[in-house]
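Text of start_17.txt, listed as compact mmCIF, C-alpha atoms:
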# COMPACT_ATOMS: atom_id res chain seq x y z
CA MET A 1 0.00 0.00 0.00
CA ILE A 2 1.40 3.38 -1.03
CA PRO A 3 1.47 5.88 1.88
CA ARG A 4 -0.90 8.78 1.47
CA THR A 5 0.91 12.01 0.63
CA ALA A 6 -0.11 15.58 1.29
CA SER A 7 -3.49 16.62 -0.01
CA GLY A 8 -5.96 19.44 0.45
CA PRO A 9 -7.83 17.89 3.40
CA ALA A 10 -4.57 16.85 5.04
CA VAL A 11 -3.24 20.40 4.95
CA ALA A 12 -6.52 21.71 6.31
CA ARG A 13 -6.09 19.65 9.45
CA HIS A 14 -3.16 21.82 10.49
CA GLY A 15 -4.00 25.36 9.50
CA TRP A 16 -3.81 28.69 11.28
CA VAL A 17 -6.21 27.80 14.09
CA GLN A 18 -4.23 24.68 14.92
CA ALA A 19 -0.99 26.70 14.86
CA VAL A 20 -2.44 29.16 17.38
CA ALA A 21 -3.42 26.25 19.62
CA VAL A 22 0.09 24.72 19.48
CA VAL A 23 1.85 27.99 20.30
CA LEU A 24 -0.66 28.92 22.99
CA ALA A 25 -0.32 25.53 24.69
CA GLY A 26 3.47 25.65 24.62
CA SER A 27 3.80 29.22 25.86
CA VAL A 28 1.21 28.78 28.62
CA ALA A 29 2.94 25.61 29.82
CA MET A 30 6.28 27.41 29.99
CA VAL A 31 4.85 30.43 31.80
CA VAL A 32 3.08 28.22 34.35
CA VAL A 33 6.19 26.15 35.08
CA ALA A 34 8.38 29.27 35.33
CA ALA A 35 5.86 31.03 37.59
CA LEU A 36 5.51 28.06 39.93
CA GLY A 37 9.27 27.62 40.12
CA LEU A 38 9.88 31.30 40.86
CA TRP A 39 7.06 31.27 43.40
CA ALA A 40 8.70 28.34 45.18
CA ALA A 41 11.99 30.26 45.09
CA GLY A 42 10.35 33.26 46.79
CA ALA A 43 10.32 35.62 43.82
CA THR A 44 6.81 36.81 44.65
CA ASP A 45 8.41 38.94 47.40
CA LEU A 46 10.31 41.05 44.88
CA PRO A 47 9.47 44.77 45.11
CA ASP A 48 7.66 46.93 42.57
CA ASN A 49 5.38 44.12 41.38
CA ALA A 50 8.33 42.64 39.50
CA PHE A 51 7.19 39.02 39.58
CA PRO A 52 5.41 38.97 36.16
CA ARG A 53 8.43 40.57 34.49
CA VAL A 54 10.79 38.08 36.11
CA VAL A 55 8.57 35.25 34.83
CA ALA A 56 8.70 36.71 31.32
CA ALA A 57 12.50 37.01 31.50
CA THR A 58 12.75 33.39 32.68
CA VAL A 59 10.75 32.12 29.71
CA VAL A 60 12.82 34.29 27.36
CA ALA A 61 16.02 32.78 28.79
CA ALA A 62 14.54 29.28 28.47
CA VAL A 63 14.25 29.59 24.69
CA GLY A 64 17.72 31.05 24.24
CA GLY A 65 16.71 34.70 24.38
CA SER A 66 19.10 37.43 25.47
CA VAL A 67 18.57 38.57 29.08
CA GLU A 68 21.20 41.06 30.21
CA LEU A 69 21.96 42.31 33.70
CA SER A 70 22.51 46.03 34.08
CA GLY A 71 23.68 48.30 36.88
CA ASN A 72 23.69 51.99 37.72
CA ALA A 73 25.25 53.58 40.77
CA GLY A 74 25.50 57.22 39.89
CA GLU A 75 28.57 59.25 38.98
CA LEU A 76 30.71 58.07 41.91
CA ALA A 77 30.20 54.34 41.57
CA ARG A 78 30.61 51.49 39.14
CA THR A 79 28.79 48.20 38.84
CA ARG A 80 29.45 45.08 36.83
CA ALA A 81 27.08 42.20 36.41
CA GLY A 82 26.48 39.24 34.15
CA LEU A 83 24.40 36.08 34.05
CA THR A 84 24.49 33.04 31.79
CA ALA A 85 22.08 30.27 32.72
CA ILE A 86 19.21 28.50 31.01
CA PRO A 87 16.26 27.24 33.11
CA LEU A 88 16.16 23.90 31.34
CA SER A 89 13.03 22.62 33.11
CA VAL A 90 11.09 25.42 31.43
CA THR A 91 12.87 24.73 28.14
CA LEU A 92 12.06 21.02 28.26
CA THR A 93 8.40 21.66 29.11
CA GLY A 94 7.91 23.98 26.17
CA ALA A 95 9.75 21.65 23.79
CA LEU A 96 7.62 18.64 24.75
CA VAL A 97 4.30 20.49 24.48
CA ILE A 98 5.12 22.16 21.15
CA ALA A 99 6.50 18.89 19.77
CA ALA A 100 3.29 17.05 20.67
CA GLY A 101 1.19 19.76 19.06
CA PHE A 102 3.32 19.77 15.92
CA LEU A 103 2.99 15.99 15.55
CA ARG A 104 -0.71 15.65 16.30
CA PRO A 105 -2.15 16.46 12.85
CA LEU A 106 0.65 14.54 11.09
CA ARG A 107 0.31 11.20 12.85
CA HIS A 108 -0.76 8.00 11.06
CA ARG A 109 1.02 9.07 7.88
CA ALA A 110 4.26 7.74 6.44
CA VAL A 111 5.08 10.51 3.94
CA ALA A 112 4.47 14.25 3.77
CA GLY A 113 5.66 16.76 1.20
CA ALA A 114 8.47 19.14 2.12
CA GLY A 115 6.23 22.07 1.26
CA GLU A 116 3.51 20.83 3.59
CA LEU A 117 5.89 20.39 6.51
CA ALA A 118 7.49 23.78 5.86
CA GLY A 119 4.08 25.46 5.68
CA TRP A 120 2.92 23.87 8.94
CA ALA A 121 6.14 24.87 10.68
CA GLY A 122 5.92 28.38 9.22
CA ARG A 123 2.41 28.93 10.59
CA ILE A 124 3.62 27.91 14.04
CA ALA A 125 6.64 30.21 13.69
CA VAL A 126 4.45 33.24 12.90
CA PHE A 127 2.55 32.99 16.17
CA TRP A 128 5.68 32.00 18.09
CA LEU A 129 7.25 35.25 16.86
CA ILE A 130 4.34 37.20 18.33
CA VAL A 131 4.75 35.40 21.66
CA LEU A 132 8.50 36.09 21.72
CA ILE A 133 7.97 39.80 21.22
CA GLY A 134 5.17 39.82 23.79
CA LEU A 135 7.49 38.25 26.36
CA ALA A 136 10.68 40.14 25.55
CA VAL A 137 9.32 43.70 25.55
CA PRO A 138 8.02 43.74 29.17
CA ALA A 139 10.86 41.59 30.54
CA ARG A 140 12.83 44.41 32.16
CA GLN A 141 13.12 45.64 35.74
CA THR A 142 15.40 47.65 38.03
CA PHE A 143 15.98 47.05 41.74
CA ALA A 144 17.67 49.23 44.35
CA VAL A 145 20.68 47.68 46.11
CA ASP A 146 20.78 47.98 49.89
CA LEU A 147 24.33 48.98 50.86
CA GLY A 148 23.76 48.11 54.51
CA LYS A 149 25.31 49.91 57.48
CA GLY A 150 28.98 49.40 56.66
CA VAL A 151 31.50 51.68 54.98
CA LEU A 152 29.75 51.49 51.60
CA GLY A 153 26.45 52.45 53.21
CA THR A 154 28.02 55.48 54.88
CA ILE A 155 29.68 56.62 51.65
CA GLY A 156 26.46 56.08 49.72
CA GLU A 157 24.49 58.25 52.13
CA LEU A 158 27.20 60.92 52.16
CA PHE A 159 27.24 61.28 48.38
CA ASP A 160 23.58 60.40 47.82
CA SER A 161 24.53 57.57 45.49
CA ALA A 162 21.89 54.83 45.25
CA PRO A 163 23.12 51.77 43.36
CA GLU A 164 20.64 49.89 41.20
CA VAL A 165 20.79 46.58 39.41
CA GLY A 166 18.29 45.18 36.97
CA PHE A 167 17.74 43.13 33.85
CA THR A 168 16.59 43.80 30.34
CA THR A 169 16.16 41.86 27.12
CA ASP A 170 17.59 42.40 23.68
CA VAL A 171 14.43 42.01 21.61
CA PRO A 172 16.05 41.38 18.18
CA LEU A 173 18.43 38.75 19.60
CA THR A 174 15.60 37.17 21.55
CA VAL A 175 13.51 36.87 18.39
CA LEU A 176 16.44 35.39 16.46
CA PHE A 177 17.43 32.80 19.06
CA GLY A 178 13.82 32.05 19.94
CA LEU A 179 13.03 31.20 16.32
CA LEU A 180 16.20 29.09 16.09
CA TRP A 181 15.08 27.26 19.24
CA LEU A 182 11.69 26.53 17.67
CA ALA A 183 13.34 25.30 14.47
CA GLY A 184 15.58 23.01 16.51
CA VAL A 185 12.61 21.56 18.39
CA LEU A 186 10.67 20.85 15.20
CA VAL A 187 13.66 19.29 13.44
CA LEU A 188 14.37 17.12 16.47
CA VAL A 189 10.76 15.94 16.47
CA LEU A 190 11.10 14.80 12.87
CA LEU A 191 14.35 13.01 13.74
CA VAL A 192 13.00 11.24 16.82
CA SER A 193 9.41 10.22 16.21
CA ARG A 194 8.37 7.34 13.97
CA ALA A 195 4.91 8.92 13.93
CA ALA A 196 6.26 11.96 12.06
CA PRO A 197 6.00 11.71 8.26
CA LEU A 198 8.98 12.65 6.12
CA PRO A 199 9.36 13.74 2.51
CA ALA A 200 9.85 10.70 0.27
CA GLY A 201 13.43 11.68 -0.53
CA LEU A 202 14.46 11.50 3.15
CA LEU A 203 12.98 8.11 3.99
CA ARG A 204 16.24 6.33 3.22
CA PHE A 205 17.96 8.18 6.09
CA GLN A 206 15.51 7.26 8.83
CA GLU A 207 16.82 3.76 9.52
CA SER A 208 20.16 5.18 10.69
CA VAL A 209 18.95 8.42 12.31
CA ARG A 210 15.59 7.83 13.96
CA PRO A 211 16.38 4.82 16.19
CA THR A 212 19.51 6.57 17.47
CA ALA A 213 17.81 9.92 18.03
CA TYR A 214 14.89 8.26 19.80
CA ALA A 215 17.15 6.22 22.10
CA VAL A 216 19.39 9.17 23.02
CA VAL A 217 16.42 11.46 23.76
CA ALA A 218 14.94 8.66 25.87
CA LEU A 219 18.24 8.50 27.79
CA LEU A 220 18.13 12.24 28.53
CA LEU A 221 14.51 12.06 29.65
CA MET A 222 15.26 9.05 31.87
CA TYR A 223 17.98 11.01 33.64
CA VAL A 224 15.53 13.86 34.25
CA ALA A 225 12.94 11.41 35.60
CA LEU A 226 15.47 9.78 37.94
CA ALA A 227 16.66 13.18 39.16
CA GLY A 228 13.05 14.13 39.84
CA VAL A 229 12.51 11.03 41.95
CA VAL A 230 15.69 11.71 43.92
CA ALA A 231 14.67 15.34 44.45
CA LEU A 232 11.25 14.35 45.75
CA VAL A 233 12.79 11.85 48.16
CA VAL A 234 15.19 14.54 49.40
CA ALA A 235 12.31 17.00 49.85
CA ALA A 236 10.34 14.43 51.84
CA THR A 237 13.19 13.29 54.07
CA ARG A 238 15.52 16.27 54.52
CA GLY A 239 13.24 19.28 54.48
CA HIS A 240 13.50 22.47 52.39
CA PRO A 241 10.63 21.43 50.10
CA ALA A 242 10.19 24.92 48.61
CA GLN A 243 13.81 25.08 47.48
CA THR A 244 13.64 21.56 46.09
CA PHE A 245 10.49 22.28 44.09
CA ALA A 246 12.08 25.46 42.77
CA VAL A 247 14.97 23.38 41.45
CA ILE A 248 12.60 20.80 39.94
CA LEU A 249 10.51 23.42 38.16
CA LEU A 250 13.37 25.62 36.98
CA GLY A 251 16.56 23.63 36.64
CA LEU A 252 16.18 19.87 37.07
CA PRO A 253 17.89 19.04 33.73
CA ASN A 254 20.66 21.49 34.73
CA LEU A 255 21.59 18.92 37.38
CA ALA A 256 20.49 15.68 35.71
CA TRP A 257 22.31 16.06 32.40
CA PRO A 258 25.68 17.13 33.84
CA ALA A 259 25.32 14.10 36.14
CA LEU A 260 25.19 11.96 32.98
CA THR A 261 28.45 13.49 31.74
CA LEU A 262 30.09 12.96 35.14
CA GLY A 263 29.03 9.32 35.05
CA LEU A 264 30.71 9.01 31.66
CA GLY A 265 33.94 10.37 33.17
CA ALA A 266 33.74 14.02 32.12
CA THR A 267 35.29 16.86 34.10
CA TRP A 268 33.78 20.25 34.91
CA HIS A 269 35.46 23.28 36.46
CA GLY A 270 33.79 25.81 38.70
CA ARG A 271 33.92 28.16 41.64
CA VAL A 272 31.50 29.81 44.05
CA ASP A 273 32.59 33.02 45.74
CA GLY A 274 30.74 35.66 47.73
CA PRO A 275 27.00 35.66 48.46
CA PHE A 276 26.17 33.48 45.48
CA GLY A 277 25.15 29.92 45.95
CA LEU A 278 23.97 27.07 43.78
CA PRO A 279 20.86 25.02 44.61
CA VAL A 280 22.87 21.85 44.11
CA PRO A 281 23.61 18.72 46.17
CA ARG A 282 25.72 19.41 49.24
CA VAL A 283 28.72 17.47 47.93
CA LEU A 284 28.91 19.63 44.78
CA ALA A 285 28.58 22.84 46.80
CA GLU A 286 31.48 21.73 49.02
CA VAL A 287 33.70 21.05 46.03
CA LEU A 288 32.90 24.39 44.36
CA ARG A 289 33.27 26.72 47.35
CA THR A 290 37.06 26.86 47.51
CA PRO A 291 39.57 29.72 47.14
CA ASP A 292 40.70 28.46 43.73
CA VAL A 293 39.00 27.03 40.67
CA SER A 294 37.68 23.57 41.51
CA THR A 295 37.82 20.42 39.42
CA VAL A 296 34.53 18.54 39.45
CA ASN A 297 34.58 14.88 38.48
CA LEU A 298 33.79 11.54 40.09
CA ARG A 299 37.11 11.40 41.91
CA THR A 300 36.91 14.87 43.50
CA LEU A 301 33.27 14.40 44.43
CA ALA A 302 33.97 10.97 45.93
CA GLU A 303 36.51 12.56 48.27
CA HIS A 304 33.54 14.23 49.96
CA ASP A 305 30.92 11.51 49.50
CA GLY A 306 31.65 8.03 48.19
CA ARG A 307 28.05 7.54 47.07
CA VAL A 308 28.72 9.58 43.92
CA TRP A 309 30.27 6.45 42.38
CA TRP A 310 26.66 5.38 41.80
CA LEU A 311 26.69 7.87 38.92
CA LEU A 312 29.11 5.55 37.12
CA TRP A 313 26.92 2.47 37.57
CA VAL A 314 23.77 4.36 36.60
CA ALA A 315 25.55 5.47 33.42
CA VAL A 316 26.62 1.89 32.66
CA VAL A 317 23.07 0.55 32.98
CA LEU A 318 21.26 3.37 31.18
CA VAL A 319 23.73 3.84 28.32
CA LEU A 320 23.71 0.08 27.68
CA ALA A 321 19.91 0.18 27.75
CA THR A 322 20.11 3.03 25.22
CA GLY A 323 22.18 0.85 22.92
CA PHE A 324 19.68 -1.99 23.25
CA LEU A 325 16.72 0.32 22.58
CA MET A 326 18.40 1.78 19.51
CA ALA A 327 19.21 -1.64 18.10
CA ALA A 328 15.75 -3.02 18.86
CA ARG A 329 14.14 -0.18 16.88
CA SER A 330 16.57 -0.52 13.95
CA PRO A 331 16.07 -2.74 10.90
CA ALA A 332 17.47 -6.25 11.35
CA ARG A 333 19.97 -5.77 8.53
CA VAL A 334 21.96 -3.09 10.42
CA ARG A 335 25.38 -4.51 11.37
CA LEU A 336 26.96 -4.37 14.82
CA TRP A 337 29.65 -1.89 13.78
CA GLN A 338 26.92 0.37 12.41
CA HIS A 339 25.06 0.25 15.73
CA ALA A 340 28.31 1.21 17.46
CA LEU A 341 28.97 4.08 15.09
CA HIS A 342 25.40 5.39 15.23
CA LEU A 343 25.31 5.50 19.03
CA ALA A 344 28.80 7.00 19.22
CA VAL A 345 27.70 9.91 17.05
CA GLY A 346 24.34 10.31 18.78
CA LEU A 347 25.73 10.23 22.32
CA ALA A 348 28.58 12.58 21.41
CA LEU A 349 26.14 15.12 19.98
CA ALA A 350 23.91 14.83 23.04
CA VAL A 351 26.82 15.42 25.43
CA LEU A 352 27.99 18.36 23.31
CA ALA A 353 24.52 19.90 23.66
CA VAL A 354 24.53 19.26 27.42
CA CYS A 355 27.92 20.93 27.78
CA LEU A 356 26.80 23.99 25.84
CA LEU A 357 23.41 24.33 27.54
CA GLY A 358 24.43 23.34 31.07
CA ARG A 359 27.09 25.99 31.63
CA ILE A 360 26.37 28.45 34.43
CA SER A 361 28.02 31.80 35.01
CA ALA A 362 27.07 34.76 37.19
CA HIS A 363 28.95 37.69 38.66
CA TYR A 364 28.13 40.97 40.35
CA GLY A 365 30.42 43.69 41.67
CA LEU A 366 29.97 47.14 43.17
CA SER A 367 32.61 49.76 43.85
CA LEU A 368 32.16 53.27 45.24
CA LEU A 369 34.96 55.86 44.93
CA GLY A 370 37.18 53.03 43.79
CA ILE A 371 36.44 50.96 46.92
CA SER A 372 35.26 47.49 45.95
CA ASP A 373 32.74 45.84 48.26
CA LEU A 374 34.75 46.39 51.48
CA GLY A 375 33.56 43.06 52.86
CA GLY A 376 29.94 44.00 52.54
CA GLY A 377 29.03 40.81 50.70
CA LEU A 378 27.87 42.71 47.61
CA SER A 379 30.31 41.17 45.14
CA GLY A 380 30.60 37.59 44.05
CA GLU A 381 31.09 35.13 41.25
CA LEU A 382 30.00 31.64 40.39
CA TYR A 383 30.51 29.50 37.35
CA LEU A 384 30.45 25.88 36.25
CA ARG A 385 31.94 24.93 32.89
CA PRO A 386 32.85 21.59 31.30
CA ASP A 387 35.91 20.32 29.50
CA ILE A 388 33.82 20.06 26.36
CA TRP A 389 35.96 18.07 23.97
CA SER A 390 37.13 15.49 26.47
CA ALA A 391 33.47 14.98 27.47
CA VAL A 392 32.46 14.56 23.83
CA GLY A 393 35.30 12.11 23.21
CA LEU A 394 34.37 10.00 26.23
CA ALA A 395 30.72 10.00 25.11
CA ALA A 396 31.75 8.74 21.67
CA LEU A 397 33.81 5.95 23.25
CA TRP A 398 30.91 4.92 25.50
CA GLY A 399 28.62 5.02 22.46
CA LEU A 400 30.87 2.69 20.48
CA VAL A 401 30.90 0.10 23.26
CA ALA A 402 27.22 0.42 24.21
CA GLY A 403 26.10 0.39 20.59
CA PHE A 404 28.00 -2.81 19.88
CA LEU A 405 26.81 -4.56 23.04
CA GLY A 406 23.26 -3.27 22.56
CA GLY A 407 23.23 -4.73 19.07
CA LEU A 408 24.30 -8.11 20.45
CA LEU A 409 21.63 -8.05 23.16
CA ALA A 410 18.92 -7.01 20.71
CA ARG A 411 19.52 -9.84 18.22
CA PRO A 412 16.80 -12.08 19.70
CA VAL A 413 14.28 -9.23 19.51
CA GLN A 414 12.08 -9.14 16.45
CA ARG A 415 12.58 -5.91 14.58
CA ARG A 416 11.20 -4.25 11.50
CA GLY A 417 12.90 -5.43 8.36
CA GLU A 418 12.29 -2.53 5.98
CA VAL A 419 12.00 1.15 6.71
CA GLY A 420 8.69 2.75 5.95
CA LEU A 421 6.56 -0.41 6.23
CA ARG A 422 3.75 -0.02 8.75
CA LYS A 423 1.39 -2.53 10.22
CA ALA A 424 -2.18 -2.11 9.15
What does the file become when written as structure tokens?
Amino acid sequence: MIPRTASGPAVARHGWVQAVAVVLAGSVAMVVVAALGLWAAGATDLPDNAFPRVVAATVVAAVGGSVELSGNAGELARTRAGLTAIPLSVTLTGALVIAAGFLRPLRHRAVAGAGELAGWAGRIAVFWLIVLIGLAVPARQTFAVDLGKGVLGTIGELFDSAPEVGFTTDVPLTVLFGLLWLAGVLVLVLLVSRAAPLPAGLLRFQESVRPTAYAVVALLLMYVALAGVVALVVAATRGHPAQTFAVILLGLPNLAWPALTLGLGATWHGRVDGPFGLPVPRVLAEVLRTPDVSTVNLRTLAEHDGRVWWLLWVAVVLVLATGFLMAARSPARVRLWQHALHLAVGLALAVLAVCLLGRISAHYGLSLLGISDLGGGLSGELYLRPDIWSAVGLAALWGLVAGFLGGLLARPVQRRGEVGLRKA
């Protein structure tokens, strides 16, 4: 039976009304998750009714938009500030909802024309552009900085200098990166889901790409799910439930996915100085808060808590399961060395994305009449960055081994023989 291609009625099933519904569902889901996470973090106590603008800035940051910190302390003072962090829980929520909406009218079809897919994606992009502008324009706020009663406070009162710090968004950059984020989500959906139709000319690539993409995405989601279970257990047994739920709703993948790279043997470097802190496990906080730049890997973490070696065994089990899942979804004619190569490439790309998205950097400094901070706790820095290429190389090596072993384990499993054939 020849798969049904695009036709008039098929296109009508995903027109402008459906595009509005997809974008509305995705944006509302992201706003709700961001608002709940910020509420749990105590952001509702911010002055000047800033909470809605902080929520908007959080969603903008989640889709790759440009949120910049700014400072102003009058003629006699200088400020410096910067922030690089992506609330990946919000990002993941929006990606899943928009992906489901994009796929819904296309399911149960094997083939779709390139023009049809481009038109459907373009309609979604038009309304997503409106949402991006609607979020980026109001996402700006300024807060006064309390200098306290120390030397800085005395100098500030003497010279009537009131420092301020705030945030703003670069609307053009936000629109650009937000549209690129949407394009990435939609392309990834087509790579991952067997329910997504492809143009006839691309069908020959799906037997090597789709099983690998599906298995690697499943691995990343499994790590998030496991991290969520651990976080809930910690909240129930060790207290601080509000802080824990803030982490779950704002940055759970920011912890889960670097944990995957650590289990693979990767190394990160970081430091926490001043009033900043990271809502991270205690062992990681202890490693980071040192006078010098800290090395974060299984060995250094195990010096503080030997239980971190479980990250290695979790990686062994789940990466091997990823290789099995990939092989089980691949056509039976795929050879073992091809399984190994496919997973090596897929896992390396996933770890590269984790390293680029999981980096955290923040700094703030205040000086008045050339006097910096004076022990007032108003300056600080934190960052966490990976050794990217060593992490990618280790991921490729793990992928080679797990792909080969997964192919061996999946041999008894009945698999589809030809790509594109569907059961009636």
### Message
When you count all atoms listed in the file, which of these residues is closest to Ser208 of chain A: A:Ala327, A:Leu182, A:Leu320, A:Val308?
### Response
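Closest to Ser208 of chain A of all the choices is A:Ala327.
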### Message
Show me, as a PyMOL selection string, the residues that have an atom within 10 Å of Asn297 of chain A when counting all atoms listed in the file, minus same-chain residues fewer than 5 positions from it.
### Response
chain A and resi 259+261-269+284+287+302+308+386
### Query
Got a sec: who's within 8 Å of Trp16 of chain A, counting only C-alpha atoms, leaving out chain neighbours fewer than 2 positions off, as a count of residues only?
6
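Taking atom CA of Val234 of chain A and atom CA of Asp387 of chain A as endpoints, the distance between them is 29.3 Å.
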### Query
How many Å separate atom CA of Gln206 of chain A from atom CA of Arg329 of chain A?
11.0 Å
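Near segment 183-197 of chain A, within 7 Å and counting only C-alpha atoms, sit A:Ala95, A:Ala99, A:Leu103, A:Leu106, A:Arg107, A:His108, A:Arg109, A:Ala110, A:Val111, A:Ala112, A:Leu179, A:Val209, A:Arg210, A:Ala213, A:Tyr214, not including residues fewer than 4 positions from it in the same chain.
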### Message
Neighbouring residues of segment 55-67 of chain A were defined as those with any atom within 7 Å, considering all atoms listed in the file; residues of the same chain fewer than 6 positions away were excluded. Please report them as a PyMOL selection string.
### Response
chain A and resi 30-31+34-35+86-88+90-91+135-136+139+167-170+173-174+177-178+181
Could you take the residues named above and write them with C-alpha atoms, as a PDB file, in the coordinates of the input?
ATOM      1  CA  MET A  30       6.280  27.410  29.990  1.00  0.00           C
ATOM      2  CA  VAL A  31       4.850  30.430  31.800  1.00  0.00           C
ATOM      3  CA  ALA A  34       8.380  29.270  35.330  1.00  0.00           C
ATOM      4  CA  ALA A  35       5.860  31.030  37.590  1.00  0.00           C
ATOM      5  CA  ILE A  86      19.210  28.500  31.010  1.00  0.00           C
ATOM      6  CA  PRO A  87      16.260  27.240  33.110  1.00  0.00           C
ATOM      7  CA  LEU A  88      16.160  23.900  31.340  1.00  0.00           C
ATOM      8  CA  VAL A  90      11.090  25.420  31.430  1.00  0.00           C
ATOM      9  CA  THR A  91      12.870  24.730  28.140  1.00  0.00           C
ATOM     10  CA  LEU A 135       7.490  38.250  26.360  1.00  0.00           C
ATOM     11  CA  ALA A 136      10.680  40.140  25.550  1.00  0.00           C
ATOM     12  CA  ALA A 139      10.860  41.590  30.540  1.00  0.00           C
ATOM     13  CA  PHE A 167      17.740  43.130  33.850  1.00  0.00           C
ATOM     14  CA  THR A 168      16.590  43.800  30.340  1.00  0.00           C
ATOM     15  CA  THR A 169      16.160  41.860  27.120  1.00  0.00           C
ATOM     16  CA  ASP A 170      17.590  42.400  23.680  1.00  0.00           C
ATOM     17  CA  LEU A 173      18.430  38.750  19.600  1.00  0.00           C
ATOM     18  CA  THR A 174      15.600  37.170  21.550  1.00  0.00           C
ATOM     19  CA  PHE A 177      17.430  32.800  19.060  1.00  0.00           C
ATOM     20  CA  GLY A 178      13.820  32.050  19.940  1.00  0.00           C
ATOM     21  CA  TRP A 181      15.080  27.260  19.240  1.00  0.00           C
TER      22      TRP A 181
END
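Residues surrounding Gly201 of chain A within 10 Å are Val111, Gly113, Ala114, Leu198, Arg204 and Phe205 of chain A [all atoms listed in the file; sequence separation below 3 positions excluded].
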For segment 204-261 of chain A against segment 36-53 of chain A, with a cut-off of 8 Å and counting all atoms listed in the file, what is the closest atom pair and its distance in Å to one decimal for every residue that makes the cut, ordered by chain and number, as a tab-separated table?
residue	atom	partner	partner_atom	distance
A:Ala242	CA	A:Ala40	CA	5.1
A:Gln243	CA	A:Ala41	CA	6.0
A:Phe245	CA	A:Ala40	CA	6.4
A:Ala246	CA	A:Gly37	CA	4.4
A:Val247	CA	A:Gly37	CA	7.2
A:Ile248	CA	A:Gly37	CA	7.6
A:Leu249	CA	A:Gly37	CA	4.8
A:Leu250	CA	A:Gly37	CA	5.5
### Query
With distances taken over all atoms listed in the file, which of A:Ala200, A:Ile133, A:Leu260, A:Ala21 is nearest to Ala100 of chain A?
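That would be A:Ala21, the residue with the smallest distance to Ala100 of chain A.
Each of A:Ala396, A:Ala340, A:Val22, A:Leu92 was compared to Val131 of chain A using only C-alpha atoms, and A:Val22 turns out to be the nearest.
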### Query
Which is closer to His342 of chain A than all the others in A:Ala225, A:Val401, A:Leu312, A:Val54, using all atoms listed in the file?
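Answer, going by the shortest atom-to-atom distance: A:Val401.
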### Query
Which protein, DNA or RNA residues have an atom at most 9 Å from (29.1, 30.5, 35.9), counting all atoms listed in the file? List them as a PyMOL selection string.
chain A and resi 83-85+270-272+359-363+381-385
### Task
Find the distance between atom CA of Leu352 of chain A and atom CA of Ala395 of chain A and write it in Å to one decimal.
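Atom-to-atom, atom CA of Leu352 of chain A to atom CA of Ala395 of chain A, that is 9.0 Å.
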### Task
Within 9 Å of (27.3, 17.2, 27.0) (coordinates as in the file), grab all the protein and nucleic acid residues, counting only C-alpha atoms, and write them out as an NGL selection string.
:A and (257-258 or 260-261 or 266 or 347-358 or 386 or 388 or 391-392 or 395)
### Task
Between A:Met222, A:Leu255, A:Leu132, A:Val293, single out the one closest to Leu24 of chain A, counting only C-alpha atoms.
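Residue with the minimum atom-to-atom distance to Leu24 of chain A: A:Leu132.
Using all atoms listed in the file, the smallest distance between any of A:Val33, A:Leu405, A:Val283, A:Ala344 and Glu303 of chain A comes from A:Val283.
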Model the absent atoms of segment 46-56 of chain A so that N, CA and C atoms are present, and write the result as a CSV table (one decimal), in the coordinates of the input.
chain,number,residue,atom,x,y,z
A,46,LEU,N,9.5,40.0,45.5
A,46,LEU,CA,10.3,41.0,44.9
A,46,LEU,C,9.5,42.4,44.9
A,47,PRO,N,10.2,43.5,45.0
A,47,PRO,CA,9.5,44.8,45.1
A,47,PRO,C,9.0,45.2,43.7
A,48,ASP,N,8.1,46.3,43.8
A,48,ASP,CA,7.7,46.9,42.6
A,48,ASP,C,6.9,46.0,41.6
A,49,ASN,N,6.2,45.0,42.2
A,49,ASN,CA,5.4,44.1,41.4
A,49,ASN,C,6.2,43.5,40.2
A,50,ALA,N,7.4,43.1,40.5
A,50,ALA,CA,8.3,42.6,39.5
A,50,ALA,C,8.1,41.2,39.1
A,51,PHE,N,7.3,40.5,39.8
A,51,PHE,CA,7.2,39.0,39.6
A,51,PHE,C,6.8,38.7,38.1
A,52,PRO,N,5.8,39.3,37.5
A,52,PRO,CA,5.4,39.0,36.2
A,52,PRO,C,6.5,39.2,35.2
A,53,ARG,N,7.3,40.3,35.4
A,53,ARG,CA,8.4,40.6,34.5
A,53,ARG,C,9.6,39.6,34.7
A,54,VAL,N,9.8,39.1,35.9
A,54,VAL,CA,10.8,38.1,36.1
A,54,VAL,C,10.4,36.8,35.4
A,55,VAL,N,9.1,36.4,35.5
A,55,VAL,CA,8.6,35.2,34.8
A,55,VAL,C,8.8,35.4,33.3
A,56,ALA,N,8.5,36.5,32.8
A,56,ALA,CA,8.7,36.7,31.3
A,56,ALA,C,10.2,36.6,31.0
